[in-house]
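See structure below.
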Amino acid sequence: MPNDVIEIKNLVRKFGSFTAVNGISLSIKEGEIFGILGPNGAGKTTTINMLLGLITPTDGTIKVYGNDITRHPQVIKEKMGLMTQETVVDGDLTAEQNLEIFAELYGMSGIEKKEAIDNALEEAELSDFRNAKAGSFSGGMQRRLNLVKSMMHSPKILVLDEPTTGLDVQNRVSMWGRIRKLNKSGITIILTTQYLEEADSLCNRLAVIDHGQIKALGTPAELKKMVSEGNVIDISLRFEDIERASKVIKQKLGIECKTVADRISIAAGKEDVKTLSSIISVLEKEKVPIIAASMHLPTLDDVFIKLTGGTIRDELGEQQSNASKIMWRR
Ligand SMILES: Nc1ncnc2c1ncn2[C@@H]1O[C@H](COP(=O)(O)OP(=O)(O)OP(=O)(O)O)[C@@H](O)[C@H]1O
Ligand SMILES: [Mg+2]
């Protein structure tokens with residue numbers, strides 16, 4: 001069994017009377033890609049900032065490689081790297097100068113510094129742009145520069161705060177590839193995200209957080225299994241028929257439905273096919289017109305629906321790249 005490299009216990013952070021992080025406990029194992037998934041304002045950055053020693057917890061403890069970070073803060077600098085949510089490259093400096101500042105911050109000089117910068121530029125595919133000002137770079141290039149900057153001191157644990165928010169699909173997929181490659185080279189990754197497909201495809205384990213609390217923790221497969229052992233049934237209806245349909249299904253079949261925009265969603269369990277056919281018959285009998293009926297294996301969207309009773313839906317007017325960003329409605 002891999003060791004726990006990070007242990008967080010009962011972490012709390014208040015800002016005045018507002019509690020941004022409200023009793024988070026979790027452990028992260030060596031070599032995993034661990035995701036903290038939650039909507040805007042869930043407490044992701046606040047948690048990360050405490051983990052990196054940038055703000056002090058109101059309560060709780062954080063251990064990195066067994067060392068309490070309040071008593072041994074140097075363990076953070078030695079072992080951890082952070083890519084912040086905001087890209088922090090200096091636009092007036094060249095790519096090389098941006099990296100130089102960071103290398104010096106970590107005490108590098110001479111040949112060691114030069115090699116670290118050359119490697120970082122190569123890794124970021126920015127060798128041809130070493131003398132270009134970072135301000136002229138595209139969003140994807142700046143993010144790549146930011147990523148390699150956080151890796152210059154060869155940390156064992158890399159923390160990425162929303163590494164792909166705001167990137168287009170192509171740059172997002174390329175960032176996933178970089179993250180996987182770093183992980184394969186033995187680096188433990190902790191990342192925060194608002195994107196369901198990112199959490200699903202990248203992370204070995206996930207903590208789903210909302211309002212500063214963990215709502216669920218496990219592998220993507222475990223979380224999906226929580227929803228249903230079988231398929232989830234979707235019945236699309238006219239908006240005005242949704243309430244009546246839910247009532248009919250509850251009364252005649254004893255099945256609870258969740259309303260998700262213009263459809264109802266039912267975690268059907270193992271008897272999914274039988275349940276689907278009973279729902280169709282009962283709605284036909286009650287003359288509720290069905291627009292479409294389908295089944296799908298549980299997704300992380302279904303996990304959110306189950307956990308919050310809220311919906312996750314495509315942001316209207318947004319591009320495909322934002323299709324599965326969390327929309328949390330109550
Ligand atoms: N310095 C601060 N002072 C007051 N409130 C704060 C401060 N920092 C964060 N908060 C509040 O704490 C809550 C959690 O914020 P946080 O930045 O951790 O969320 P997040 O999950 O990172 O969201 P996002 O996805 O938008 O980055 C929010 O309601 C935020 O307004
Ligand atoms: Mg944040």
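Identifiers in the structure tokens: chain A, B, ... in order shown; residue index from 1 per chain; ligand index from 1 in order shown.
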Quiz item: Any idea what's packed within 6 Å of Val21 of chain A, counting only C-alpha atoms, ignoring anything in its chain fewer than 3 positions away? Could you give it as JSON, numbers by chain?
Solution: {"A": [12, 13, 43, 212]}
Once you count only C-alpha atoms, what closest atom pair and distance in Å to one decimal does each residue of segment 245-265 of chain A within 8 Å of segment 283-287 of chain A have, with rows by chain and rising residue number, as a Markdown table?
| residue | atom | partner | partner_atom | distance |
| --- | --- | --- | --- | --- |
| A:Ala245 | CA | A:Leu283 | CA | 6.9 |
| A:Val248 | CA | A:Leu283 | CA | 7.4 |
| A:Ile249 | CA | A:Leu283 | CA | 7.7 |
Requested write-out: C-alpha atoms of the selected residues, as an mmCIF file, in the first residue's frame:
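Final output, saved to out.cif:
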data_model
loop_
_atom_site.group_PDB
_atom_site.id
_atom_site.type_symbol
_atom_site.label_atom_id
_atom_site.label_comp_id
_atom_site.auth_asym_id
_atom_site.auth_seq_id
_atom_site.Cartn_x
_atom_site.Cartn_y
_atom_site.Cartn_z
ATOM 1 C CA ALA A 245 -45.138 12.537 -14.341
ATOM 2 C CA VAL A 248 -47.644 9.325 -11.235
ATOM 3 C CA ILE A 249 -44.379 7.363 -11.092
#
Exercise. Name each residue within 10 Å of ligand 2, counting only C-alpha atoms and all ligand atoms, as an MDAnalysis selection string.
Key: chainID A and resid 38:49 84:86 161:162 192:194
Produce a file of the selected residues containing N, CA and C atoms, as a tab-separated table (two decimals), in the first residue's frame.
chain	number	residue	atom	x	y	z
A	38	GLY	N	-15.43	20.84	-7.05
A	38	GLY	CA	-16.50	21.62	-6.44
A	38	GLY	C	-16.77	22.87	-7.24
A	39	PRO	N	-17.95	23.47	-7.06
A	39	PRO	CA	-18.31	24.65	-7.84
A	39	PRO	C	-17.61	25.91	-7.33
A	40	ASN	N	-17.84	27.05	-7.97
A	40	ASN	CA	-17.28	28.32	-7.52
A	40	ASN	C	-17.60	28.55	-6.05
A	41	GLY	N	-16.60	28.96	-5.29
A	41	GLY	CA	-16.83	29.31	-3.89
A	41	GLY	C	-16.94	28.12	-2.95
A	42	ALA	N	-16.64	26.91	-3.43
A	42	ALA	CA	-16.79	25.71	-2.60
A	42	ALA	C	-15.75	25.66	-1.48
A	43	GLY	N	-14.61	26.33	-1.70
A	43	GLY	CA	-13.54	26.30	-0.69
A	43	GLY	C	-12.28	25.60	-1.19
A	44	LYS	N	-12.18	25.41	-2.51
A	44	LYS	CA	-11.04	24.69	-3.08
A	44	LYS	C	-9.73	25.47	-2.87
A	45	THR	N	-9.72	26.73	-3.33
A	45	THR	CA	-8.48	27.52	-3.23
A	45	THR	C	-8.11	27.76	-1.77
A	46	THR	N	-9.10	27.99	-0.92
A	46	THR	CA	-8.81	28.20	0.51
A	46	THR	C	-8.12	26.96	1.09
A	47	THR	N	-8.60	25.77	0.72
A	47	THR	CA	-7.99	24.52	1.20
A	47	THR	C	-6.55	24.41	0.71
A	48	ILE	N	-6.36	24.66	-0.60
A	48	ILE	CA	-5.02	24.59	-1.21
A	48	ILE	C	-4.07	25.59	-0.55
A	49	ASN	N	-4.57	26.81	-0.32
A	49	ASN	CA	-3.72	27.84	0.29
A	49	ASN	C	-3.28	27.45	1.69
A	84	THR	N	-0.75	28.19	-9.27
A	84	THR	CA	-1.92	28.91	-8.73
A	84	THR	C	-3.03	29.00	-9.77
A	85	GLN	N	-4.20	29.38	-9.28
A	85	GLN	CA	-5.36	29.50	-10.16
A	85	GLN	C	-5.15	30.63	-11.18
A	86	GLU	N	-4.63	31.76	-10.70
A	86	GLU	CA	-4.32	32.85	-11.63
A	86	GLU	C	-2.93	32.61	-12.19
A	161	ASP	N	-4.09	24.36	-8.94
A	161	ASP	CA	-5.40	24.95	-8.63
A	161	ASP	C	-6.10	25.31	-9.94
A	162	GLU	N	-7.11	24.55	-10.29
A	162	GLU	CA	-7.87	24.72	-11.54
A	162	GLU	C	-6.93	24.89	-12.75
A	192	THR	N	-7.41	20.87	-8.22
A	192	THR	CA	-8.81	21.27	-8.01
A	192	THR	C	-9.42	21.48	-9.38
A	193	THR	N	-10.70	21.25	-9.48
A	193	THR	CA	-11.36	21.45	-10.76
A	193	THR	C	-12.85	21.68	-10.59
A	194	GLN	N	-13.41	22.35	-11.59
A	194	GLN	CA	-14.87	22.49	-11.64
A	194	GLN	C	-15.43	21.63	-12.77
Any chance you could tabulate, as CSV, the residues of segment 63-109 of chain A at most 6 Å from segment 131-150 of chain A with each one's nearest atom pair and distance in Å to one decimal, using only C-alpha atoms, in chain and rising number order?
residue,atom,partner,partner_atom,distance
A:Gly81,CA,A:Ser150,CA,5.1
A:Leu82,CA,A:Ser150,CA,5.4
A:Met83,CA,A:Ser150,CA,5.7
A:Gly91,CA,A:Gly135,CA,3.6
A:Asp92,CA,A:Lys133,CA,5.9
A:Leu93,CA,A:Lys133,CA,5.3
A:Thr94,CA,A:Lys133,CA,4.0
A:Ala95,CA,A:Ala134,CA,5.5
Self-check item: All strand (DSSP E or B) positions in segment 3-172 of chain A, as a ChimeraX atom specification
Solution: /A:4-15,18-29,33-37,59-64,67-68,80-83,94,133,157-161
Quiz item: What is the atom CA of Asp4 of chain A to atom CA of His153 of chain A distance in Å?
Solution: 21.7 Å
Quiz item: Between atom CA of Leu99 of chain A and atom CA of Ile55 of chain A, what is the spacing in Å?
Solution: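 Computing it gives 24.7 Å between the two atoms.
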Exercise. Please provide as a PyMOL selection string all residues within 9 Å of Ala216 of chain A, with the sequence filter that same-chain residues fewer than 3 positions apart are discarded (counting only C-alpha atoms).
Key: chain A and resi 206-209+223+307
Practice problem: May I ask which of the residues A:Lys156, A:Lys9, A:Lys14, A:Lys225 is the closest one to Ser27 of chain A, counting only C-alpha atoms? | Solution: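 Closest candidate: A:Lys9.
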Quiz prompt | Who sits within 12 Å of segment 231-243 of chain A, only C-alpha atoms, same chain under 5 positions skipped, as a ChimeraX atom specification | solution = /A:224-226,248-250,255-280,283,286-303,305-306
Self-check item: Shell around Pro155 of chain A at 9 Å using only C-alpha atoms, local window under 4 positions removed, as a PyMOL selection string
Solution: chain A and resi 77-81+150-151+187
Could you turn the residues from that selection into a file that holds N, CA and C atoms, as a PDB file, in the first residue's frame?
ATOM      1  N   LYS A  77       8.291  23.876   1.230  1.00  0.00           N
ATOM      2  CA  LYS A  77       9.208  24.379   0.195  1.00  0.00           C
ATOM      3  C   LYS A  77      10.017  23.237  -0.429  1.00  0.00           C
ATOM      4  N   GLU A  78      10.404  22.284   0.424  1.00  0.00           N
ATOM      5  CA  GLU A  78      11.212  21.162  -0.061  1.00  0.00           C
ATOM      6  C   GLU A  78      10.440  20.219  -0.975  1.00  0.00           C
ATOM      7  N   LYS A  79       9.214  19.926  -0.564  1.00  0.00           N
ATOM      8  CA  LYS A  79       8.502  18.820  -1.212  1.00  0.00           C
ATOM      9  C   LYS A  79       7.403  19.234  -2.181  1.00  0.00           C
ATOM     10  N   MET A  80       6.917  20.483  -2.054  1.00  0.00           N
ATOM     11  CA  MET A  80       5.715  20.806  -2.811  1.00  0.00           C
ATOM     12  C   MET A  80       5.906  21.937  -3.818  1.00  0.00           C
ATOM     13  N   GLY A  81       5.162  21.832  -4.922  1.00  0.00           N
ATOM     14  CA  GLY A  81       5.124  22.895  -5.914  1.00  0.00           C
ATOM     15  C   GLY A  81       3.677  23.291  -6.139  1.00  0.00           C
ATOM     16  N   SER A 150       6.394  25.897 -11.617  1.00  0.00           N
ATOM     17  CA  SER A 150       6.077  25.261 -10.329  1.00  0.00           C
ATOM     18  C   SER A 150       6.855  23.954 -10.129  1.00  0.00           C
ATOM     19  N   MET A 151       7.537  23.502 -11.201  1.00  0.00           N
ATOM     20  CA  MET A 151       8.269  22.224 -11.151  1.00  0.00           C
ATOM     21  C   MET A 151       9.780  22.401 -11.088  1.00  0.00           C
ATOM     22  N   ILE A 187       5.456  11.788  -9.556  1.00  0.00           N
ATOM     23  CA  ILE A 187       5.017  12.945  -8.763  1.00  0.00           C
ATOM     24  C   ILE A 187       3.555  12.774  -8.349  1.00  0.00           C
TER      25      ILE A 187
END
Practice problem: Would you please give, as a PyMOL selection string, all residues of segment 175-295 of chain A that DSSP assigns to helix (DSSP H, G or I) based on the backbone? | Solution: chain A and resi 175-184+196-202+220-227+239-253+272-285
Export N, CA and C atoms of the chosen residues as a short mmCIF file (atom, residue, chain, number, x, y, z; two decimals), in the first residue's frame?
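Output file again23.cif follows:
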data_model
loop_
_atom_site.label_atom_id
_atom_site.label_comp_id
_atom_site.auth_asym_id
_atom_site.auth_seq_id
_atom_site.Cartn_x
_atom_site.Cartn_y
_atom_site.Cartn_z
N MET A 175 -2.95 19.81 -21.57
CA MET A 175 -2.58 19.95 -20.15
C MET A 175 -2.81 18.62 -19.42
N TRP A 176 -3.89 17.91 -19.74
CA TRP A 176 -4.13 16.60 -19.11
C TRP A 176 -2.95 15.66 -19.40
N GLY A 177 -2.46 15.70 -20.65
CA GLY A 177 -1.33 14.85 -21.04
C GLY A 177 -0.10 15.20 -20.21
N ARG A 178 0.15 16.49 -20.02
CA ARG A 178 1.32 16.92 -19.22
C ARG A 178 1.18 16.45 -17.77
N ILE A 179 -0.03 16.57 -17.24
CA ILE A 179 -0.26 16.17 -15.84
C ILE A 179 -0.02 14.66 -15.69
N ARG A 180 -0.55 13.88 -16.64
CA ARG A 180 -0.37 12.42 -16.59
C ARG A 180 1.10 12.05 -16.66
N LYS A 181 1.82 12.76 -17.55
CA LYS A 181 3.25 12.47 -17.73
C LYS A 181 4.02 12.74 -16.44
N LEU A 182 3.73 13.87 -15.80
CA LEU A 182 4.40 14.20 -14.53
C LEU A 182 4.09 13.13 -13.49
N ASN A 183 2.83 12.71 -13.46
CA ASN A 183 2.41 11.69 -12.49
C ASN A 183 3.15 10.37 -12.74
N LYS A 184 3.27 10.01 -14.02
CA LYS A 184 3.98 8.76 -14.38
C LYS A 184 5.43 8.81 -13.94
N LEU A 196 -16.32 18.19 -14.56
CA LEU A 196 -16.62 16.81 -14.25
C LEU A 196 -15.79 15.84 -15.08
N GLU A 197 -15.65 16.14 -16.38
CA GLU A 197 -14.93 15.20 -17.23
C GLU A 197 -13.45 15.18 -16.89
N GLU A 198 -12.94 16.31 -16.40
CA GLU A 198 -11.53 16.38 -15.99
C GLU A 198 -11.30 15.48 -14.77
N ALA A 199 -12.19 15.60 -13.80
CA ALA A 199 -12.09 14.78 -12.59
C ALA A 199 -12.20 13.31 -12.95
N ASP A 200 -13.13 13.00 -13.83
CA ASP A 200 -13.40 11.62 -14.22
C ASP A 200 -12.22 11.01 -14.94
N SER A 201 -11.65 11.77 -15.88
CA SER A 201 -10.63 11.14 -16.71
C SER A 201 -9.24 11.18 -16.06
N LEU A 202 -8.97 12.17 -15.21
CA LEU A 202 -7.61 12.30 -14.68
C LEU A 202 -7.39 11.68 -13.31
N PRO A 220 -13.64 7.65 -8.99
CA PRO A 220 -14.79 8.00 -9.83
C PRO A 220 -15.78 6.82 -9.94
N ALA A 221 -15.24 5.60 -10.07
CA ALA A 221 -16.12 4.42 -10.19
C ALA A 221 -16.93 4.21 -8.91
N GLU A 222 -16.30 4.38 -7.75
CA GLU A 222 -17.02 4.21 -6.48
C GLU A 222 -18.13 5.25 -6.35
N LEU A 223 -17.83 6.48 -6.73
CA LEU A 223 -18.84 7.54 -6.61
C LEU A 223 -20.03 7.24 -7.53
N LYS A 224 -19.74 6.74 -8.72
CA LYS A 224 -20.82 6.45 -9.67
C LYS A 224 -21.66 5.28 -9.17
N LYS A 225 -21.00 4.31 -8.56
CA LYS A 225 -21.71 3.14 -8.04
C LYS A 225 -22.68 3.53 -6.93
N MET A 226 -22.31 4.61 -6.20
CA MET A 226 -23.17 5.13 -5.14
C MET A 226 -24.54 5.52 -5.70
N VAL A 227 -24.54 5.96 -6.97
CA VAL A 227 -25.79 6.43 -7.59
C VAL A 227 -26.67 5.24 -7.93
N PHE A 239 -42.15 20.48 -20.42
CA PHE A 239 -41.87 21.07 -19.11
C PHE A 239 -43.11 21.01 -18.20
N GLU A 240 -44.28 21.28 -18.81
CA GLU A 240 -45.52 21.35 -18.00
C GLU A 240 -45.96 19.97 -17.48
N ASP A 241 -45.38 18.90 -18.03
CA ASP A 241 -45.80 17.55 -17.60
C ASP A 241 -44.90 16.96 -16.52
N ILE A 242 -43.80 17.63 -16.21
CA ILE A 242 -42.78 17.01 -15.35
C ILE A 242 -43.30 16.68 -13.95
N GLU A 243 -44.00 17.65 -13.36
CA GLU A 243 -44.47 17.44 -11.99
C GLU A 243 -45.47 16.29 -11.93
N ARG A 244 -46.40 16.29 -12.93
CA ARG A 244 -47.43 15.24 -12.95
C ARG A 244 -46.77 13.86 -13.16
N ALA A 245 -45.81 13.82 -14.06
CA ALA A 245 -45.14 12.54 -14.34
C ALA A 245 -44.44 12.00 -13.08
N SER A 246 -43.77 12.88 -12.35
CA SER A 246 -43.08 12.44 -11.13
C SER A 246 -44.07 11.88 -10.13
N LYS A 247 -45.21 12.57 -10.03
CA LYS A 247 -46.24 12.13 -9.08
C LYS A 247 -46.78 10.76 -9.46
N VAL A 248 -47.10 10.59 -10.75
CA VAL A 248 -47.64 9.32 -11.23
C VAL A 248 -46.65 8.18 -10.97
N ILE A 249 -45.40 8.42 -11.28
CA ILE A 249 -44.38 7.36 -11.09
C ILE A 249 -44.25 7.01 -9.62
N LYS A 250 -44.31 8.03 -8.76
CA LYS A 250 -44.20 7.79 -7.32
C LYS A 250 -45.42 7.01 -6.81
N GLN A 251 -46.62 7.49 -7.24
CA GLN A 251 -47.85 6.85 -6.74
C GLN A 251 -48.04 5.43 -7.25
N LYS A 252 -47.84 5.23 -8.56
CA LYS A 252 -48.15 3.94 -9.17
C LYS A 252 -47.01 2.92 -8.99
N LEU A 253 -45.76 3.42 -8.96
CA LEU A 253 -44.64 2.47 -8.92
C LEU A 253 -43.80 2.58 -7.65
N ASP A 272 -32.98 -2.26 -14.11
CA ASP A 272 -33.20 -1.04 -14.88
C ASP A 272 -34.13 -1.20 -16.09
N VAL A 273 -33.97 -2.31 -16.83
CA VAL A 273 -34.78 -2.47 -18.05
C VAL A 273 -36.26 -2.63 -17.69
N LYS A 274 -36.51 -3.44 -16.66
CA LYS A 274 -37.88 -3.66 -16.20
C LYS A 274 -38.50 -2.34 -15.72
N THR A 275 -37.72 -1.59 -14.96
CA THR A 275 -38.21 -0.31 -14.43
C THR A 275 -38.55 0.64 -15.58
N LEU A 276 -37.66 0.70 -16.58
CA LEU A 276 -37.91 1.59 -17.72
C LEU A 276 -39.22 1.23 -18.39
N SER A 277 -39.45 -0.06 -18.61
CA SER A 277 -40.67 -0.43 -19.32
C SER A 277 -41.91 -0.15 -18.45
N SER A 278 -41.81 -0.34 -17.12
CA SER A 278 -42.97 -0.02 -16.27
C SER A 278 -43.27 1.48 -16.29
N ILE A 279 -42.19 2.29 -16.30
CA ILE A 279 -42.40 3.75 -16.31
C ILE A 279 -43.10 4.18 -17.61
N ILE A 280 -42.61 3.62 -18.72
CA ILE A 280 -43.22 3.97 -20.01
C ILE A 280 -44.71 3.57 -20.01
N SER A 281 -45.01 2.34 -19.54
CA SER A 281 -46.43 1.90 -19.56
C SER A 281 -47.30 2.80 -18.69
N VAL A 282 -46.81 3.13 -17.49
CA VAL A 282 -47.65 3.89 -16.58
C VAL A 282 -47.88 5.31 -17.12
N LEU A 283 -46.86 5.90 -17.73
CA LEU A 283 -47.04 7.25 -18.28
C LEU A 283 -47.98 7.23 -19.49
N GLU A 284 -47.88 6.18 -20.30
CA GLU A 284 -48.78 6.07 -21.45
C GLU A 284 -50.21 5.92 -20.99
N LYS A 285 -50.39 5.11 -19.97
CA LYS A 285 -51.72 4.86 -19.41
C LYS A 285 -52.35 6.16 -18.88
#
Quiz prompt | segment 108-119 of chain A environment, 12 Å, only C-alpha atoms, sequence neighbours closer than 3 positions dropped, as a list in words | solution =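 Final neighbour list, sorted by chain and number: Ala95, Glu96, Gln97, Asn98, Leu99, Glu100, Ile101, Phe102, Ala103, Glu104, Leu105, Glu122, Glu123, Ala124, Glu125, Leu126, Ser127, Asp128, Phe129, Arg130, Leu145, Val148, Lys149, Ser150, Met151, Met152, His153 and Ser154 of chain A.
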Practice problem: Go through A:Ile8, A:Leu54, A:Val173, A:Leu26 one by one, measure the shortest atom-to-atom distance of each to ligand 1 using only C-alpha atoms and all ligand atoms, and give the residue with the smallest value. | Solution: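 Ranking A:Ile8, A:Leu54, A:Val173, A:Leu26 by distance to ligand 1, first place goes to A:Leu54.
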Self-check item: Of the listed residues A:Phe18, A:Gly218, A:Val88, A:Gly230, that which approaches ligand 1 most closely, counting only C-alpha atoms and all ligand atoms
Solution: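 Using only C-alpha atoms and all ligand atoms, the shortest distance to ligand 1 belongs to A:Phe18.
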Quiz prompt | Atom pair atom CA of Glu7 of chain A / atom CA of Arg172 of chain A: separation (Å) | solution =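 Taking atom CA of Glu7 of chain A and atom CA of Arg172 of chain A, their separation equals 29.2 Å.
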